[in-house]
$ cat work.cif   # mmCIF, C-alpha atoms
data_target
loop_
_atom_site.group_PDB
_atom_site.id
_atom_site.type_symbol
_atom_site.label_atom_id
_atom_site.label_comp_id
_atom_site.auth_asym_id
_atom_site.auth_seq_id
_atom_site.Cartn_x
_atom_site.Cartn_y
_atom_site.Cartn_z
ATOM 1 C CA MET X 1 41.106 -4.932 -7.667
ATOM 2 C CA SER X 2 40.111 -3.330 -10.976
ATOM 3 C CA ASP X 3 37.104 -1.073 -11.404
ATOM 4 C CA SER X 4 35.498 -3.756 -13.581
ATOM 5 C CA ALA X 5 35.984 -6.428 -10.924
ATOM 6 C CA ALA X 6 34.454 -4.155 -8.306
ATOM 7 C CA SER X 7 31.437 -3.288 -10.444
ATOM 8 C CA ILE X 8 27.993 -4.810 -10.059
ATOM 9 C CA ARG X 9 27.560 -6.976 -13.152
ATOM 10 C CA VAL X 10 24.036 -6.647 -14.570
ATOM 11 C CA LEU X 11 22.222 -8.655 -17.235
ATOM 12 C CA VAL X 12 19.017 -7.217 -18.733
ATOM 13 C CA ALA X 13 16.240 -9.539 -19.963
ATOM 14 C CA ASP X 14 13.340 -7.987 -21.880
ATOM 15 C CA ASP X 15 11.726 -9.087 -25.135
ATOM 16 C CA GLN X 16 11.189 -5.510 -26.337
ATOM 17 C CA ARG X 17 14.420 -4.410 -27.985
ATOM 18 C CA VAL X 18 13.914 -0.693 -27.410
ATOM 19 C CA THR X 19 13.208 -1.247 -23.723
ATOM 20 C CA ARG X 20 16.080 -3.698 -23.319
ATOM 21 C CA GLU X 21 18.660 -1.483 -25.003
ATOM 22 C CA GLY X 22 17.380 1.592 -23.174
ATOM 23 C CA LEU X 23 17.767 -0.141 -19.817
ATOM 24 C CA MET X 24 21.228 -1.373 -20.741
ATOM 25 C CA LEU X 25 22.285 2.175 -21.606
ATOM 26 C CA LEU X 26 20.678 3.608 -18.475
ATOM 27 C CA ILE X 27 22.262 1.079 -16.119
ATOM 28 C CA GLY X 28 25.648 1.435 -17.771
ATOM 29 C CA LEU X 29 25.691 5.122 -16.861
ATOM 30 C CA ASN X 30 25.679 4.316 -13.142
ATOM 31 C CA GLU X 31 29.023 4.388 -11.396
ATOM 32 C CA GLY X 32 30.060 0.954 -10.231
ATOM 33 C CA MET X 33 27.764 -0.936 -12.593
ATOM 34 C CA GLU X 34 28.650 -2.928 -15.683
ATOM 35 C CA VAL X 35 26.117 -4.301 -18.170
ATOM 36 C CA VAL X 36 27.316 -7.730 -19.290
ATOM 37 C CA GLY X 37 24.552 -8.572 -21.765
ATOM 38 C CA GLY X 38 20.958 -8.351 -22.933
ATOM 39 C CA ALA X 39 18.510 -11.227 -23.418
ATOM 40 C CA ALA X 40 15.310 -11.280 -25.486
ATOM 41 C CA ASP X 41 13.649 -14.113 -23.533
ATOM 42 C CA GLY X 42 14.032 -16.244 -20.442
ATOM 43 C CA ALA X 43 15.993 -19.047 -22.095
ATOM 44 C CA GLU X 44 18.562 -16.585 -23.403
ATOM 45 C CA ALA X 45 18.727 -14.939 -19.983
ATOM 46 C CA VAL X 46 19.630 -18.270 -18.371
ATOM 47 C CA ALA X 47 22.220 -19.041 -21.061
ATOM 48 C CA LEU X 48 23.846 -15.604 -20.788
ATOM 49 C CA ALA X 49 23.810 -15.828 -16.992
ATOM 50 C CA HIS X 50 25.828 -19.053 -17.186
ATOM 51 C CA GLU X 51 28.197 -17.428 -19.678
ATOM 52 C CA HIS X 52 28.746 -14.042 -18.045
ATOM 53 C CA ARG X 53 27.990 -14.743 -14.359
ATOM 54 C CA PRO X 54 26.177 -11.470 -13.590
ATOM 55 C CA ASP X 55 25.513 -10.361 -10.032
ATOM 56 C CA VAL X 56 21.995 -9.152 -10.876
ATOM 57 C CA VAL X 57 19.537 -10.034 -13.635
ATOM 58 C CA LEU X 58 16.941 -7.356 -14.388
ATOM 59 C CA MET X 59 14.090 -9.622 -15.495
ATOM 60 C CA ASP X 60 10.902 -8.891 -17.409
ATOM 61 C CA LEU X 61 8.103 -11.389 -16.778
ATOM 62 C CA ALA X 62 6.020 -11.441 -19.970
ATOM 63 C CA MET X 63 8.426 -12.823 -22.569
ATOM 64 C CA PRO X 64 7.826 -15.380 -25.347
ATOM 65 C CA GLY X 65 8.924 -18.974 -24.881
ATOM 66 C CA THR X 66 10.548 -19.202 -21.455
ATOM 67 C CA ASP X 67 8.992 -16.399 -19.429
ATOM 68 C CA GLY X 68 10.565 -14.477 -16.576
ATOM 69 C CA VAL X 69 9.112 -16.648 -13.823
ATOM 70 C CA ALA X 70 10.459 -19.864 -15.351
ATOM 71 C CA ALA X 71 13.842 -18.243 -15.981
ATOM 72 C CA THR X 72 13.973 -16.977 -12.390
ATOM 73 C CA ARG X 73 13.221 -20.460 -11.070
ATOM 74 C CA THR X 74 15.959 -21.961 -13.238
ATOM 75 C CA LEU X 75 18.497 -19.360 -12.101
ATOM 76 C CA ARG X 76 17.629 -20.027 -8.465
ATOM 77 C CA GLU X 77 18.417 -23.704 -9.002
ATOM 78 C CA GLU X 78 21.403 -23.416 -11.344
ATOM 79 C CA ALA X 79 22.977 -20.083 -10.364
ATOM 80 C CA PRO X 80 21.876 -19.298 -6.787
ATOM 81 C CA GLY X 81 24.432 -16.519 -6.499
ATOM 82 C CA VAL X 82 22.590 -14.442 -9.099
ATOM 83 C CA ALA X 83 19.989 -12.033 -7.708
ATOM 84 C CA VAL X 84 16.902 -11.572 -9.906
ATOM 85 C CA LEU X 85 15.220 -8.164 -9.863
ATOM 86 C CA VAL X 86 11.883 -8.188 -11.685
ATOM 87 C CA LEU X 87 11.056 -5.121 -13.768
ATOM 88 C CA THR X 88 7.651 -5.566 -15.369
ATOM 89 C CA THR X 89 4.452 -3.788 -16.309
ATOM 90 C CA TYR X 90 2.218 -5.626 -13.857
ATOM 91 C CA ALA X 91 1.826 -5.421 -10.086
ATOM 92 C CA ASP X 92 -1.141 -7.786 -9.698
ATOM 93 C CA ASP X 93 -1.087 -10.850 -7.473
ATOM 94 C CA SER X 94 -0.984 -13.285 -10.387
ATOM 95 C CA SER X 95 2.325 -11.717 -11.439
ATOM 96 C CA VAL X 96 3.878 -10.847 -8.076
ATOM 97 C CA PHE X 97 3.491 -14.109 -6.150
ATOM 98 C CA PRO X 98 4.736 -16.529 -8.845
ATOM 99 C CA ALA X 99 7.816 -14.337 -9.348
ATOM 100 C CA LEU X 100 8.608 -14.195 -5.646
ATOM 101 C CA ARG X 101 8.008 -17.901 -5.167
ATOM 102 C CA ALA X 102 10.354 -18.552 -8.096
ATOM 103 C CA GLY X 103 13.104 -16.727 -6.217
ATOM 104 C CA ALA X 104 13.041 -13.061 -7.278
ATOM 105 C CA LYS X 105 14.757 -10.797 -4.738
ATOM 106 C CA GLY X 106 13.097 -7.614 -5.930
ATOM 107 C CA TYR X 107 10.048 -6.402 -7.828
ATOM 108 C CA LEU X 108 9.595 -3.111 -9.673
ATOM 109 C CA THR X 109 7.051 -1.864 -12.192
ATOM 110 C CA LYS X 110 8.200 -0.282 -15.433
ATOM 111 C CA ASP X 111 7.205 3.223 -14.413
ATOM 112 C CA ALA X 112 10.033 3.145 -11.862
ATOM 113 C CA GLY X 113 12.492 5.982 -12.284
ATOM 114 C CA ALA X 114 16.191 5.621 -13.042
ATOM 115 C CA ASP X 115 17.142 6.371 -9.432
ATOM 116 C CA GLU X 116 14.773 3.720 -8.106
ATOM 117 C CA ILE X 117 16.120 1.104 -10.507
ATOM 118 C CA GLU X 118 19.674 1.928 -9.449
ATOM 119 C CA ARG X 119 18.815 1.689 -5.741
ATOM 120 C CA ALA X 120 16.984 -1.596 -6.285
ATOM 121 C CA ILE X 121 19.944 -3.131 -8.124
ATOM 122 C CA ARG X 122 22.309 -2.109 -5.343
ATOM 123 C CA ALA X 123 19.876 -3.424 -2.702
ATOM 124 C CA VAL X 124 19.433 -6.914 -4.144
ATOM 125 C CA HIS X 125 23.158 -7.126 -4.876
ATOM 126 C CA GLY X 126 23.743 -6.309 -1.211
ATOM 127 C CA GLY X 127 21.522 -9.167 -0.043
ATOM 128 C CA ARG X 128 18.360 -7.179 0.607
ATOM 129 C CA ILE X 129 14.902 -7.532 -0.891
ATOM 130 C CA TRP X 130 13.491 -4.502 -2.732
ATOM 131 C CA MET X 131 9.796 -4.070 -3.437
ATOM 132 C CA ASP X 132 7.775 -1.418 -5.189
ATOM 133 C CA PRO X 133 5.714 0.203 -2.386
ATOM 134 C CA VAL X 134 2.460 -0.999 -3.955
ATOM 135 C CA VAL X 135 3.780 -4.565 -4.158
ATOM 136 C CA GLN X 136 4.881 -4.341 -0.544
ATOM 137 C CA GLU X 137 1.328 -3.330 0.395
ATOM 138 C CA ARG X 138 -0.004 -6.397 -1.430
ATOM 139 C CA LEU X 139 2.321 -8.662 0.542
ATOM 140 C CA ILE X 140 1.290 -7.115 3.833
ATOM 141 C CA ALA X 141 -2.394 -7.390 2.901
ATOM 142 C CA VAL X 142 -2.035 -11.086 2.069
ATOM 143 C CA VAL X 143 -0.112 -11.874 5.223
ATOM 144 C CA THR X 144 -2.524 -10.025 7.508
ATOM 145 C CA ALA X 145 -5.585 -11.537 5.799
ATOM 146 C CA ALA X 146 -4.292 -15.114 5.910
ATOM 147 C CA ASP X 147 -5.092 -17.599 8.653
ATOM 148 C CA PRO X 148 -1.875 -17.828 10.722
ATOM 149 C CA GLN X 149 -2.513 -21.554 11.267
ATOM 150 C CA SER X 150 -2.373 -22.155 7.521
ATOM 151 C CA MET X 151 1.083 -20.528 7.493
ATOM 152 C CA GLY X 152 2.468 -22.621 10.321
ATOM 153 C CA GLY X 153 1.681 -19.935 12.883
ATOM 154 C CA THR X 154 4.310 -17.547 11.546
ATOM 155 C CA VAL X 155 4.118 -14.376 9.534
ATOM 156 C CA PRO X 156 7.079 -13.491 7.295
ATOM 157 C CA GLY X 157 8.420 -9.993 7.606
ATOM 158 C CA GLY X 158 11.472 -7.785 7.727
ATOM 159 C CA SER X 159 12.683 -4.416 8.897
ATOM 160 C CA THR X 160 13.107 -1.508 6.516
ATOM 161 C CA GLN X 161 16.619 -0.459 5.624
ATOM 162 C CA GLY X 162 16.995 3.049 4.311
ATOM 163 C CA SER X 163 13.838 2.983 2.170
ATOM 164 C CA PRO X 164 10.221 1.885 2.720
ATOM 165 C CA ALA X 165 10.690 -0.477 -0.205
ATOM 166 C CA ALA X 166 13.881 -2.152 1.010
ATOM 167 C CA VAL X 167 13.385 -4.963 3.516
ATOM 168 C CA SER X 168 15.642 -7.470 5.212
ATOM 169 C CA HIS X 169 16.862 -10.431 3.170
ATOM 170 C CA SER X 170 15.309 -12.613 5.854
ATOM 171 C CA ALA X 171 11.846 -11.697 4.590
ATOM 172 C CA GLN X 172 10.687 -14.599 2.468
ATOM 173 C CA PRO X 173 7.987 -14.496 -0.244
ATOM 174 C CA PRO X 174 4.664 -15.251 1.467
ATOM 175 C CA GLN X 175 2.847 -18.457 0.644
ATOM 176 C CA ALA X 176 -0.500 -17.044 1.721
ATOM 177 C CA ALA X 177 -1.913 -17.096 -1.797
ATOM 178 C CA GLN X 178 -1.556 -20.869 -1.801
ATOM 179 C CA ALA X 179 -3.434 -21.124 1.485
ATOM 180 C CA LEU X 180 -6.708 -19.775 0.102
ATOM 181 C CA PRO X 181 -9.627 -22.212 -0.099
ATOM 182 C CA PRO X 182 -10.195 -23.594 -3.631
ATOM 183 C CA SER X 183 -13.397 -21.577 -3.946
ATOM 184 C CA GLN X 184 -11.332 -18.398 -3.644
ATOM 185 C CA ALA X 185 -8.372 -19.482 -5.749
ATOM 186 C CA SER X 186 -9.496 -17.551 -8.832
ATOM 187 C CA GLN X 187 -9.918 -14.312 -6.871
ATOM 188 C CA PRO X 188 -7.071 -11.927 -5.999
ATOM 189 C CA ALA X 189 -5.484 -13.046 -2.718
ATOM 190 C CA TRP X 190 -5.826 -9.564 -1.264
ATOM 191 C CA ASP X 191 -9.575 -9.325 -1.801
ATOM 192 C CA VAL X 192 -11.856 -12.301 -2.332
ATOM 193 C CA SER X 193 -14.721 -10.065 -3.438
ATOM 194 C CA ALA X 194 -15.060 -8.736 -6.967
ATOM 195 C CA PRO X 195 -13.386 -5.333 -7.535
ATOM 196 C CA SER X 196 -15.657 -2.473 -6.621
ATOM 197 C CA ALA X 197 -15.541 1.244 -7.358
ATOM 198 C CA GLU X 198 -16.500 1.849 -3.719
ATOM 199 C CA ARG X 199 -13.065 0.510 -2.722
ATOM 200 C CA LEU X 200 -11.360 3.430 -4.462
ATOM 201 C CA THR X 201 -10.609 6.533 -2.443
ATOM 202 C CA ALA X 202 -11.740 9.907 -3.748
ATOM 203 C CA ARG X 203 -8.222 10.627 -5.017
ATOM 204 C CA GLU X 204 -7.937 7.216 -6.697
ATOM 205 C CA THR X 205 -11.294 7.748 -8.381
ATOM 206 C CA GLU X 206 -10.071 11.120 -9.638
ATOM 207 C CA ILE X 207 -6.885 9.493 -10.943
ATOM 208 C CA LEU X 208 -8.863 6.754 -12.704
ATOM 209 C CA THR X 209 -11.104 9.344 -14.332
ATOM 210 C CA LEU X 210 -8.069 11.191 -15.684
ATOM 211 C CA ILE X 211 -6.577 7.929 -16.959
ATOM 212 C CA ALA X 212 -9.847 7.342 -18.797
ATOM 213 C CA GLU X 213 -9.453 10.794 -20.345
ATOM 214 C CA GLY X 214 -6.138 9.627 -21.784
ATOM 215 C CA LEU X 215 -3.799 11.579 -19.525
ATOM 216 C CA SER X 216 -0.299 10.244 -18.833
ATOM 217 C CA ASN X 217 1.194 10.139 -15.338
ATOM 218 C CA ALA X 218 3.130 13.329 -16.104
ATOM 219 C CA GLU X 219 -0.041 15.109 -17.248
ATOM 220 C CA ILE X 220 -1.967 13.913 -14.193
ATOM 221 C CA SER X 221 0.874 15.204 -12.026
ATOM 222 C CA GLU X 222 0.579 18.644 -13.588
ATOM 223 C CA ARG X 223 -3.238 18.664 -13.481
ATOM 224 C CA LEU X 224 -3.463 17.726 -9.784
ATOM 225 C CA PHE X 225 -0.248 19.429 -8.598
ATOM 226 C CA LEU X 226 1.108 16.114 -7.319
ATOM 227 C CA SER X 227 4.585 14.676 -7.654
ATOM 228 C CA ARG X 228 5.034 12.017 -10.315
ATOM 229 C CA ALA X 229 5.999 9.523 -7.605
ATOM 230 C CA THR X 230 2.695 10.171 -5.825
ATOM 231 C CA VAL X 231 0.742 9.784 -9.057
ATOM 232 C CA LYS X 232 2.573 6.521 -9.771
ATOM 233 C CA THR X 233 1.592 5.171 -6.352
ATOM 234 C CA HIS X 234 -2.057 6.128 -6.885
ATOM 235 C CA VAL X 235 -2.103 4.588 -10.370
ATOM 236 C CA ASN X 236 -0.678 1.311 -9.095
ATOM 237 C CA ARG X 237 -3.262 1.244 -6.316
ATOM 238 C CA VAL X 238 -6.023 1.821 -8.858
ATOM 239 C CA PHE X 239 -4.699 -1.089 -10.926
ATOM 240 C CA ALA X 240 -4.530 -3.328 -7.872
ATOM 241 C CA LYS X 241 -8.004 -2.467 -6.592
ATOM 242 C CA THR X 242 -9.732 -2.747 -9.948
ATOM 243 C CA GLY X 243 -7.831 -5.820 -11.092
ATOM 244 C CA ALA X 244 -6.526 -3.954 -14.150
ATOM 245 C CA ARG X 245 -3.257 -5.133 -15.668
ATOM 246 C CA ASP X 246 -2.733 -1.982 -17.724
ATOM 247 C CA ARG X 247 -4.235 1.430 -18.475
ATOM 248 C CA ALA X 248 -6.555 0.043 -21.158
ATOM 249 C CA GLN X 249 -8.162 -2.348 -18.675
ATOM 250 C CA ALA X 250 -8.423 0.456 -16.130
ATOM 251 C CA VAL X 251 -10.271 2.569 -18.693
ATOM 252 C CA ARG X 252 -12.666 -0.301 -19.415
ATOM 253 C CA TYR X 253 -13.296 -0.645 -15.698
ATOM 254 C CA ALA X 254 -14.014 3.083 -15.414
ATOM 255 C CA TYR X 255 -16.650 2.849 -18.156
ATOM 256 C CA ARG X 256 -18.206 -0.373 -16.803
ATOM 257 C CA SER X 257 -18.478 1.064 -13.294
ATOM 258 C CA GLY X 258 -20.063 4.283 -14.537
ATOM 259 C CA LEU X 259 -17.238 6.539 -13.363
ATOM 260 C CA VAL X 260 -17.088 7.978 -16.873
ATOM 261 C CA GLY X 261 -19.775 8.069 -19.513
#
$ encode --input "work.cif" --output "structure tokens"
Amino acid sequence: MSDSAASIRVLVADDQRVTREGLMLLIGLNEGMEVVGGAADGAEAVALAHEHRPDVVLMDLAMPGTDGVAATRTLREEAPGVAVLVLTTYADDSSVFPALRAGAKGYLTKDAGADEIERAIRAVHGGRIWMDPVVQERLIAVVTAADPQSMGGTVPGGSTQGSPAAVSHSAQPPQAAQALPPSQASQPAWDVSAPSAERLTARETEILTLIAEGLSNAEISERLFLSRATVKTHVNRVFAKTGARDRAQAVRYAYRSGLVG
């Protein structure tokens, strides 16, 4: 068997050219991985998947035309042997659950490091599900908050395998978000009350304040003497608790809640 045949074949789908080409270069540097193409939207991702038969598609969600969720659903139906690993900016419920229900086998946010992306690709290629730790917390929160009767009396789950973010392939995307009463459907599945500053821990409040000051994750890491991975986890938790989809919305929340003046 040739090295090429033994390699994990990866297709990258992202509408931002710089991001797409950067990921293609990054992934191509990993031993045992081969980048077979890059797509600028979901429709192109599906077409290239049929043409090149990748093992893994690294899929952005917010793309023009056919978005990542629709493309993932199509690949599940037309190319079930292809594992979709989402790599996107957002880790909120309105992004996570549609992607998982569409058939994604993994979910990462775009502040994931090169090592984490590599491990996630290898995990989903090996039949496991890989979740960003913050996303995994969201899934657990939804499952534990849901009425077991509305889920058929069962709770999906899986054992960890080598990493807190890698779970058994038997773990299926929870349907708990669909089980919420209509009156709660517009609220995040993990918290039916409006976001509140009181929900933030002291450290998360400190992180949010520094975000509002314009500091990057690297600068926050240096300021608080924390690892960048720890800062990333705190930032994602802040986003999840405040309902922010990006740093700009987090800053607006900080001002509205009076955390900064």
$ residues_around --input "work.cif" --residues "Val134 (chain X)" --least-positions-apart "4" --cutoff "12 Å" --atoms "only C-alpha atoms" --output "ChimeraX atom specification"
/X:90-93,96,107-109,112,130,138-141,164-165,229-230,232-241
$ resolve_selection --input "work.cif" --expression "the PyMOL selection byres ((chain X and resi 113) around 12)" --output "list in words"
Leu23, Leu26, Ile27, Leu87, Leu108, Thr109, Lys110, Asp111, Ala112, Ala114, Asp115, Glu116, Ile117, Glu118, Arg119, Ala120, Asp132, Arg228, Ala229 and Lys232 of chain X
$ residues_near_point --input "work.cif" --point "(-7.6, 2.9, -14.3)" --cutoff "9 Å" --atoms "all atoms listed in the file" --output "CSV table (one decimal) with C-alpha atoms, in the coordinates of the input"
chain,number,residue,atom,x,y,z
X,204,GLU,CA,-7.9,7.2,-6.7
X,205,THR,CA,-11.3,7.7,-8.4
X,207,ILE,CA,-6.9,9.5,-10.9
X,208,LEU,CA,-8.9,6.8,-12.7
X,209,THR,CA,-11.1,9.3,-14.3
X,210,LEU,CA,-8.1,11.2,-15.7
X,211,ILE,CA,-6.6,7.9,-17.0
X,212,ALA,CA,-9.8,7.3,-18.8
X,235,VAL,CA,-2.1,4.6,-10.4
X,236,ASN,CA,-0.7,1.3,-9.1
X,238,VAL,CA,-6.0,1.8,-8.9
X,239,PHE,CA,-4.7,-1.1,-10.9
X,242,THR,CA,-9.7,-2.7,-9.9
X,244,ALA,CA,-6.5,-4.0,-14.2
X,246,ASP,CA,-2.7,-2.0,-17.7
X,247,ARG,CA,-4.2,1.4,-18.5
X,248,ALA,CA,-6.6,0.0,-21.2
X,249,GLN,CA,-8.2,-2.3,-18.7
X,250,ALA,CA,-8.4,0.5,-16.1
X,251,VAL,CA,-10.3,2.6,-18.7
X,252,ARG,CA,-12.7,-0.3,-19.4
X,253,TYR,CA,-13.3,-0.6,-15.7
X,254,ALA,CA,-14.0,3.1,-15.4
$ atom_distance --input "work.cif" --atom1 "CA of Ile129 (chain X)" --atom2 "CA of Ile8 (chain X)"
16.2 Å
$ closest_residue --input "work.cif" --among "X:Ala102, X:Ala40, X:Tyr255, X:Arg199" --to "Thr74 (chain X)" --atoms "only C-alpha atoms"
X:Ala102
$ atom_distance --input "work.cif" --atom1 "CA of Asp60 (chain X)" --atom2 "CA of Arg17 (chain X)"
12.0 Å
$ atom_distance --input "work.cif" --atom1 "CA of Asn30 (chain X)" --atom2 "CA of Thr88 (chain X)"
20.7 Å
$ closest_residue --input "work.cif" --among "X:Glu213, X:Glu219, X:Gly243, X:Gln136" --to "Leu259 (chain X)" --atoms "all atoms listed in the file"
X:Glu213
$ residues_around --input "work.cif" --residues "Leu11 (chain X)" --least-positions-apart "2" --cutoff "12 Å" --atoms "all atoms listed in the file" --output "VMD selection string"
chain X and resid 8 to 9 13 to 14 20 to 21 23 to 25 27 to 28 33 to 42 44 to 60 82 to 86 121
$ build_atoms --input "work.cif" --residues "region 29-56 of chain X" --atoms "N, CA and C atoms" --output "PDB file, keeping the file's coordinate frame"
ATOM      1  N   LEU X  29      25.286   3.775 -17.247  1.00  0.00           N
ATOM      2  CA  LEU X  29      25.691   5.122 -16.861  1.00  0.00           C
ATOM      3  C   LEU X  29      25.958   5.251 -15.365  1.00  0.00           C
ATOM      4  N   ASN X  30      25.502   4.257 -14.588  1.00  0.00           N
ATOM      5  CA  ASN X  30      25.679   4.316 -13.142  1.00  0.00           C
ATOM      6  C   ASN X  30      27.097   3.916 -12.749  1.00  0.00           C
ATOM      7  N   GLU X  31      27.680   4.698 -11.873  1.00  0.00           N
ATOM      8  CA  GLU X  31      29.023   4.388 -11.396  1.00  0.00           C
ATOM      9  C   GLU X  31      29.015   3.066 -10.638  1.00  0.00           C
ATOM     10  N   GLY X  32      29.967   2.221 -10.939  1.00  0.00           N
ATOM     11  CA  GLY X  32      30.060   0.954 -10.231  1.00  0.00           C
ATOM     12  C   GLY X  32      29.154  -0.122 -10.768  1.00  0.00           C
ATOM     13  N   MET X  33      28.591   0.080 -11.968  1.00  0.00           N
ATOM     14  CA  MET X  33      27.764  -0.936 -12.593  1.00  0.00           C
ATOM     15  C   MET X  33      28.261  -1.230 -13.989  1.00  0.00           C
ATOM     16  N   GLU X  34      28.202  -2.489 -14.358  1.00  0.00           N
ATOM     17  CA  GLU X  34      28.650  -2.928 -15.683  1.00  0.00           C
ATOM     18  C   GLU X  34      27.583  -3.829 -16.293  1.00  0.00           C
ATOM     19  N   VAL X  35      27.098  -3.474 -17.468  1.00  0.00           N
ATOM     20  CA  VAL X  35      26.117  -4.301 -18.170  1.00  0.00           C
ATOM     21  C   VAL X  35      26.872  -5.370 -18.958  1.00  0.00           C
ATOM     22  N   VAL X  36      26.561  -6.638 -18.661  1.00  0.00           N
ATOM     23  CA  VAL X  36      27.316  -7.730 -19.290  1.00  0.00           C
ATOM     24  C   VAL X  36      26.559  -8.389 -20.435  1.00  0.00           C
ATOM     25  N   GLY X  37      25.285  -7.989 -20.657  1.00  0.00           N
ATOM     26  CA  GLY X  37      24.552  -8.572 -21.765  1.00  0.00           C
ATOM     27  C   GLY X  37      23.075  -8.246 -21.718  1.00  0.00           C
ATOM     28  N   GLY X  38      22.395  -8.557 -22.833  1.00  0.00           N
ATOM     29  CA  GLY X  38      20.958  -8.351 -22.933  1.00  0.00           C
ATOM     30  C   GLY X  38      20.313  -9.575 -23.534  1.00  0.00           C
ATOM     31  N   ALA X  39      19.202 -10.020 -22.965  1.00  0.00           N
ATOM     32  CA  ALA X  39      18.510 -11.227 -23.418  1.00  0.00           C
ATOM     33  C   ALA X  39      17.099 -10.872 -23.869  1.00  0.00           C
ATOM     34  N   ALA X  40      16.635 -11.542 -24.935  1.00  0.00           N
ATOM     35  CA  ALA X  40      15.310 -11.280 -25.486  1.00  0.00           C
ATOM     36  C   ALA X  40      14.236 -12.207 -24.929  1.00  0.00           C
ATOM     37  N   ASP X  41      14.629 -13.221 -24.164  1.00  0.00           N
ATOM     38  CA  ASP X  41      13.649 -14.113 -23.533  1.00  0.00           C
ATOM     39  C   ASP X  41      14.307 -14.818 -22.363  1.00  0.00           C
ATOM     40  N   GLY X  42      13.521 -15.605 -21.642  1.00  0.00           N
ATOM     41  CA  GLY X  42      14.032 -16.244 -20.442  1.00  0.00           C
ATOM     42  C   GLY X  42      15.121 -17.262 -20.709  1.00  0.00           C
ATOM     43  N   ALA X  43      14.985 -18.033 -21.782  1.00  0.00           N
ATOM     44  CA  ALA X  43      15.993 -19.047 -22.095  1.00  0.00           C
ATOM     45  C   ALA X  43      17.344 -18.394 -22.371  1.00  0.00           C
ATOM     46  N   GLU X  44      17.317 -17.293 -23.116  1.00  0.00           N
ATOM     47  CA  GLU X  44      18.562 -16.585 -23.403  1.00  0.00           C
ATOM     48  C   GLU X  44      19.144 -15.979 -22.133  1.00  0.00           C
ATOM     49  N   ALA X  45      18.264 -15.513 -21.247  1.00  0.00           N
ATOM     50  CA  ALA X  45      18.727 -14.939 -19.983  1.00  0.00           C
ATOM     51  C   ALA X  45      19.488 -15.978 -19.175  1.00  0.00           C
ATOM     52  N   VAL X  46      18.958 -17.199 -19.109  1.00  0.00           N
ATOM     53  CA  VAL X  46      19.630 -18.270 -18.371  1.00  0.00           C
ATOM     54  C   VAL X  46      20.971 -18.598 -19.024  1.00  0.00           C
ATOM     55  N   ALA X  47      20.982 -18.707 -20.352  1.00  0.00           N
ATOM     56  CA  ALA X  47      22.220 -19.041 -21.061  1.00  0.00           C
ATOM     57  C   ALA X  47      23.283 -17.966 -20.846  1.00  0.00           C
ATOM     58  N   LEU X  48      22.888 -16.694 -20.961  1.00  0.00           N
ATOM     59  CA  LEU X  48      23.846 -15.604 -20.788  1.00  0.00           C
ATOM     60  C   LEU X  48      24.304 -15.488 -19.336  1.00  0.00           C
ATOM     61  N   ALA X  49      23.420 -15.854 -18.401  1.00  0.00           N
ATOM     62  CA  ALA X  49      23.810 -15.828 -16.992  1.00  0.00           C
ATOM     63  C   ALA X  49      24.904 -16.858 -16.724  1.00  0.00           C
ATOM     64  N   HIS X  50      24.787 -18.037 -17.329  1.00  0.00           N
ATOM     65  CA  HIS X  50      25.828 -19.053 -17.186  1.00  0.00           C
ATOM     66  C   HIS X  50      27.132 -18.592 -17.833  1.00  0.00           C
ATOM     67  N   GLU X  51      27.007 -17.860 -18.946  1.00  0.00           N
ATOM     68  CA  GLU X  51      28.197 -17.428 -19.678  1.00  0.00           C
ATOM     69  C   GLU X  51      28.912 -16.269 -19.006  1.00  0.00           C
ATOM     70  N   HIS X  52      28.133 -15.271 -18.537  1.00  0.00           N
ATOM     71  CA  HIS X  52      28.746 -14.042 -18.045  1.00  0.00           C
ATOM     72  C   HIS X  52      28.756 -13.912 -16.520  1.00  0.00           C
ATOM     73  N   ARG X  53      28.035 -14.767 -15.821  1.00  0.00           N
ATOM     74  CA  ARG X  53      27.990 -14.743 -14.359  1.00  0.00           C
ATOM     75  C   ARG X  53      27.690 -13.347 -13.798  1.00  0.00           C
ATOM     76  N   PRO X  54      26.528 -12.790 -14.131  1.00  0.00           N
ATOM     77  CA  PRO X  54      26.177 -11.470 -13.590  1.00  0.00           C
ATOM     78  C   PRO X  54      25.867 -11.562 -12.097  1.00  0.00           C
ATOM     79  N   ASP X  55      25.931 -10.426 -11.437  1.00  0.00           N
ATOM     80  CA  ASP X  55      25.513 -10.361 -10.032  1.00  0.00           C
ATOM     81  C   ASP X  55      24.000 -10.212  -9.933  1.00  0.00           C
ATOM     82  N   VAL X  56      23.432  -9.451 -10.883  1.00  0.00           N
ATOM     83  CA  VAL X  56      21.995  -9.152 -10.876  1.00  0.00           C
ATOM     84  C   VAL X  56      21.436  -9.338 -12.279  1.00  0.00           C
TER      85      VAL X  56
END
